[in-house]
Each structure stands twice: as C-alpha cells, then as structure tokens.
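The next block is start36.pdb, given as PDB, C-alpha atoms and all ligand atoms.
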ATOM      1  CA  MET A 496     187.498 122.802 122.456
ATOM      2  CA  ALA A 497     184.482 120.841 123.649
ATOM      3  CA  TYR A 498     182.353 122.762 126.134
ATOM      4  CA  SER A 499     180.098 121.235 128.760
ATOM      5  CA  TYR A 500     176.680 122.944 128.914
ATOM      6  CA  ASP A 501     174.870 123.284 132.259
ATOM      7  CA  PRO A 502     171.122 123.000 131.533
ATOM      8  CA  GLU A 503     170.341 124.528 134.935
ATOM      9  CA  ASN A 504     171.856 127.929 134.109
ATOM     10  CA  ILE A 505     169.470 130.862 134.463
ATOM     11  CA  PHE A 506     169.151 131.565 130.738
ATOM     12  CA  ALA A 507     168.248 127.928 130.063
ATOM     13  CA  LYS A 508     165.495 128.374 132.663
ATOM     14  CA  ILE A 509     164.328 131.532 130.877
ATOM     15  CA  LEU A 510     164.230 129.646 127.567
ATOM     16  CA  ARG A 511     162.163 126.864 129.180
ATOM     17  CA  GLY A 512     159.750 129.474 130.577
ATOM     18  CA  GLU A 513     160.617 128.565 134.166
ATOM     19  CA  ILE A 514     161.501 132.124 135.132
ATOM     20  CA  PRO A 515     160.147 135.348 133.616
ATOM     21  CA  ASN A 516     161.943 137.785 131.363
ATOM     22  CA  ASN A 517     161.209 141.070 129.658
ATOM     23  CA  THR A 518     161.336 139.946 126.029
ATOM     24  CA  VAL A 519     162.428 142.508 123.453
ATOM     25  CA  LEU A 520     162.614 140.196 120.436
ATOM     26  CA  GLU A 521     162.021 136.533 119.693
ATOM     27  CA  THR A 522     163.021 134.830 116.443
ATOM     28  CA  ALA A 523     163.218 131.215 115.316
ATOM     29  CA  HIS A 524     166.600 130.663 116.950
ATOM     30  CA  SER A 525     167.173 133.648 119.262
ATOM     31  CA  LEU A 526     165.706 135.530 122.211
ATOM     32  CA  ALA A 527     166.473 139.071 123.400
ATOM     33  CA  PHE A 528     165.452 140.458 126.788
ATOM     34  CA  THR A 529     166.424 143.326 129.065
ATOM     35  CA  ASP A 530     169.250 142.789 131.550
ATOM     36  CA  ILE A 531     168.007 142.553 135.129
ATOM     37  CA  ALA A 532     170.814 144.862 136.340
ATOM     38  CA  PRO A 533     171.287 147.387 133.526
ATOM     39  CA  GLN A 534     174.693 149.030 133.167
ATOM     40  CA  ALA A 535     173.452 151.601 130.624
ATOM     41  CA  PRO A 536     170.099 153.151 129.603
ATOM     42  CA  THR A 537     169.853 150.419 126.974
ATOM     43  CA  HIS A 538     171.112 147.032 128.173
ATOM     44  CA  ILE A 539     169.671 144.098 126.282
ATOM     45  CA  LEU A 540     170.910 140.507 126.235
ATOM     46  CA  VAL A 541     170.654 138.490 123.024
ATOM     47  CA  ILE A 542     170.930 134.712 123.354
ATOM     48  CA  PRO A 543     170.600 131.775 120.979
ATOM     49  CA  LYS A 544     167.873 129.267 121.856
ATOM     50  CA  GLY A 545     170.357 126.447 121.375
ATOM     51  CA  ALA A 546     172.566 125.139 124.172
ATOM     52  CA  TYR A 547     175.866 126.968 123.569
ATOM     53  CA  VAL A 548     178.198 128.001 126.365
ATOM     54  CA  ASN A 549     179.889 130.943 124.699
ATOM     55  CA  TYR A 550     180.634 132.583 121.376
ATOM     56  CA  ASP A 551     183.405 130.125 120.505
ATOM     57  CA  ASP A 552     181.115 127.143 121.145
ATOM     58  CA  PHE A 553     178.357 128.765 119.057
ATOM     59  CA  ALA A 554     180.555 129.788 116.123
ATOM     60  CA  THR A 555     182.077 126.295 116.028
ATOM     61  CA  ASN A 556     178.999 124.140 116.534
ATOM     62  CA  ALA A 557     175.829 126.055 115.602
ATOM     63  CA  SER A 558     174.134 125.620 112.235
ATOM     64  CA  ASP A 559     174.384 128.287 109.575
ATOM     65  CA  ALA A 560     170.692 129.060 110.140
ATOM     66  CA  GLU A 561     171.274 129.644 113.862
ATOM     67  CA  ILE A 562     174.296 131.844 113.228
ATOM     68  CA  VAL A 563     172.504 133.984 110.655
ATOM     69  CA  ASP A 564     169.433 134.275 112.876
ATOM     70  CA  PHE A 565     171.472 135.276 115.931
ATOM     71  CA  THR A 566     173.578 137.804 114.048
ATOM     72  CA  ARG A 567     170.493 139.402 112.513
ATOM     73  CA  ALA A 568     168.676 139.335 115.863
ATOM     74  CA  ILE A 569     171.406 141.534 117.336
ATOM     75  CA  SER A 570     170.954 143.943 114.444
ATOM     76  CA  LYS A 571     167.181 143.972 114.913
ATOM     77  CA  VAL A 572     167.614 144.690 118.622
ATOM     78  CA  CYS A 573     169.852 147.664 117.816
ATOM     79  CA  GLU A 574     167.337 148.909 115.275
ATOM     80  CA  GLY A 575     164.409 148.402 117.644
ATOM     81  CA  ALA A 576     166.188 150.248 120.435
ATOM     82  CA  GLY A 577     167.054 153.075 118.045
ATOM     83  CA  VAL A 578     170.723 153.074 118.966
ATOM     84  CA  GLU A 579     172.442 152.865 115.558
ATOM     85  CA  ALA A 580     172.827 156.611 115.075
ATOM     86  CA  ASP A 581     174.447 157.428 118.414
ATOM     87  CA  GLY A 582     176.281 154.119 118.713
ATOM     88  CA  PHE A 583     176.359 151.044 120.874
ATOM     89  CA  ARG A 584     178.694 148.401 122.308
ATOM     90  CA  LEU A 585     178.454 144.626 121.976
ATOM     91  CA  VAL A 586     180.109 142.520 124.695
ATOM     92  CA  SER A 587     180.233 138.751 125.090
ATOM     93  CA  ASN A 588     182.081 137.472 128.133
ATOM     94  CA  ALA A 589     183.482 133.938 128.175
ATOM     95  CA  GLY A 590     184.947 131.799 130.910
ATOM     96  CA  ARG A 591     186.901 132.659 134.025
ATOM     97  CA  ASP A 592     189.075 135.429 132.683
ATOM     98  CA  GLY A 593     186.141 136.864 130.719
ATOM     99  CA  VAL A 594     184.211 136.924 134.019
ATOM    100  CA  GLN A 595     181.202 135.167 132.515
ATOM    101  CA  GLU A 596     178.467 134.771 135.136
ATOM    102  CA  VAL A 597     175.896 132.860 133.099
ATOM    103  CA  PRO A 598     177.270 129.934 131.058
ATOM    104  CA  HIS A 599     174.905 130.307 128.094
ATOM    105  CA  LEU A 600     176.097 132.479 125.199
ATOM    106  CA  HIS A 601     174.802 136.026 125.446
ATOM    107  CA  VAL A 602     175.750 139.258 123.762
ATOM    108  CA  HIS A 603     175.225 142.409 125.798
ATOM    109  CA  VAL A 604     173.878 145.326 123.740
ATOM    110  CA  LEU A 605     174.836 148.470 125.626
ATOM    111  CA  ALA A 606     173.877 151.984 124.564
ATOM    112  CA  GLY A 607     172.138 155.215 125.513
ATOM    113  CA  ARG A 608     175.091 157.128 126.951
ATOM    114  CA  ASN A 609     178.793 157.572 126.251
ATOM    115  CA  LEU A 610     180.109 154.211 127.453
ATOM    116  CA  GLY A 611     183.633 155.434 128.117
ATOM    117  CA  PRO A 612     186.785 153.442 127.565
ATOM    118  CA  MET A 613     186.330 149.760 126.844
ATOM    119  CA  MET A 614     188.273 148.707 129.949
ATOM    120  CA  THR A 615     189.146 150.609 133.102
ATOM    121  CA  LEU A 616     191.494 148.089 134.705
TER     122      LEU A 616
HETATM  123  P1  LIG B   1     177.908 137.886 132.151
HETATM  124  O1  LIG B   1     178.777 138.346 133.283
HETATM  125  O2  LIG B   1     178.386 138.361 130.814
HETATM  126  O3  LIG B   1     177.670 136.394 132.195
HETATM  127  O4  LIG B   1     176.522 138.617 132.338
HETATM  128  C1  LIG B   1     175.375 138.015 132.834
HETATM  129  C2  LIG B   1     174.283 139.059 132.826
HETATM  130  O5  LIG B   1     173.044 138.430 133.047
HETATM  131  C3  LIG B   1     174.440 140.146 133.892
HETATM  132  O6  LIG B   1     174.512 141.416 133.262
HETATM  133  C4  LIG B   1     173.172 139.979 134.741
HETATM  134  O7  LIG B   1     172.667 141.220 135.207
HETATM  135  C5  LIG B   1     172.220 139.306 133.771
HETATM  136  N1  LIG B   1     171.171 138.517 134.371
HETATM  137  C6  LIG B   1     171.299 137.576 135.339
HETATM  138  N2  LIG B   1     170.095 137.035 135.615
HETATM  139  C7  LIG B   1     169.206 137.630 134.781
HETATM  140  C8  LIG B   1     167.792 137.496 134.587
HETATM  141  N3  LIG B   1     167.058 136.631 135.292
HETATM  142  N4  LIG B   1     167.200 138.284 133.649
HETATM  143  C9  LIG B   1     167.925 139.157 132.944
HETATM  144  N5  LIG B   1     169.255 139.334 133.075
HETATM  145  C10 LIG B   1     169.890 138.581 133.989
END

Let's see the structure in the file written out as structure tokens.
Amino acid sequence: MAYSYDPENIFAKILRGEIPNNTVLETAHSLAFTDIAPQAPTHILVIPKGAYVNYDDFATNASDAEIVDFTRAISKVCEGAGVEADGFRLVSNAGRDGVQEVPHLHVHVLAGRNLGPMMTL
C-alpha cells in the first residue's frame, strides 16, 4: 500500500538535526541512536535516513543500496554493542495494531538481559 509520511515526526527532526540524539552509528543511509526510554540494558534504534513509514514501506520502496546499508547497519550495531554472543531481539512496530509511536521506520535492538517471552498479552 501507499504510505503517507509525516515529516514532522520526531525521528525526522533528529535526522534534520533539530533535536539531539545519542548517536551510536551513522552510515550513508542509516542512523542508530540510543532509545530515550530504554527497555533493556542495550536498547538502540536503527533508522533509515530516507522517509519511510515502516518496514513494509521501506522494503517496497527503498533502493537496494538503502536496504543493504540498513541491514548491515543493524549488524554493525549488534557487533558494536557486543551482543551477538549472548543474543538480542529485533523489533519493528508498524501501525495501530503494532502500536507504533513514531511513524518513521525504526528497528529496536534489545539486549543485555534475558528478554523473556516475545509477548506477554
Ligand atoms: P515505537 O513504539 O516502536 O514507535 O517506538 C518508539 C520509540 O522511540 C520508543 O521506544 C521511544 O522511547 C523512542 N523515542 C521517542 N523519542 C525519542 C527520542 N527523542 N530519542 C530517542 N528515542 C526516542
């Protein structure tokens, strides 16, 4: 489907340098920074620099270069945080039922403790 991107979302403001962030990694097409309200000892958000609402929008409309860069950026974040050995969880919420707060694609990298069952509903 066609998604409508809101350029005033908070991650767009971070990308424009209008609000600060704690950058972990920056690549040609991606930015990673720590989550402002961490849910685990390691909680890093990885976002593409392009205007994509969610993973579906990105996978459908991004260039191959952006997709490769973003995928590798997530790997580099895991490596940089030293979480590969003990494990980690990647989460990307989308839309109403996914309870997505910020309408710019982001993957949560969560690690640093046993994260428990995937859902507790
Ligand atoms: P989601 O519910 O998947 O859209 O998650 C949005 C995430 O963005 C939450 O985990 C928030 O804590 C995080 N967040 C919101 N504002 C900021 C910010 N200014 N810097 C870093 N993380 C943020």

(request) Enumerate residues in contact with ligand LIG 1 (chain B): an atom-to-atom distance of at most 6 Å, counting all atoms listed in the file. Format the result as an NGL selection string. (result) :A and (516 or 529-532 or 588 or 594-597)

So that I have them on file, write out the residues from the current selection with C-alpha atoms, as a CSV table (one decimal), keeping the file's coordinate frame.
chain,number,residue,atom,x,y,z
A,516,ASN,CA,161.9,137.8,131.4
A,529,THR,CA,166.4,143.3,129.1
A,530,ASP,CA,169.2,142.8,131.6
A,531,ILE,CA,168.0,142.6,135.1
A,532,ALA,CA,170.8,144.9,136.3
A,588,ASN,CA,182.1,137.5,128.1
A,594,VAL,CA,184.2,136.9,134.0
A,595,GLN,CA,181.2,135.2,132.5
A,596,GLU,CA,178.5,134.8,135.1
A,597,VAL,CA,175.9,132.9,133.1

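Taking CA of Arg608 in chain A and CA of Leu526 in chain A as the two end points, the separation is 24.0 Å.
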
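In this model, the gap between CA of Ala507 in chain A and CA of Met613 in chain A comes to 28.5 Å.
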
(request) Kindly resolve the PyMOL selection byres (((chain A and resi 599) around 12) and not hetatm) on the present coordinates and return the residues as a VMD selection string. (result) chain A and resid 498 to 510 540 to 553 587 to 590 595 to 598 600 to 602

(message) Residues within 8 Å of (175.0, 154.7, 121.6), file coordinates, counting only C-alpha atoms: what are they? Give the list as a ChimeraX atom specification.
(response) /A:578-584,605-610

(request) Step by step, work through what the PyMOL selection byres (((chain A and resi 565) around 9) and not hetatm) selects in the shown file, and finish by giving those residues as JSON, numbers by chain. (result) {"A": [522, 524, 525, 526, 541, 542, 543, 560, 561, 562, 563, 564, 566, 567, 568, 569, 570]}

(message) Just the number, please: distance in Å from CA of Ala535 in chain A to CA of Asn517 in chain A, one decimal.
(response) 16.2 Å
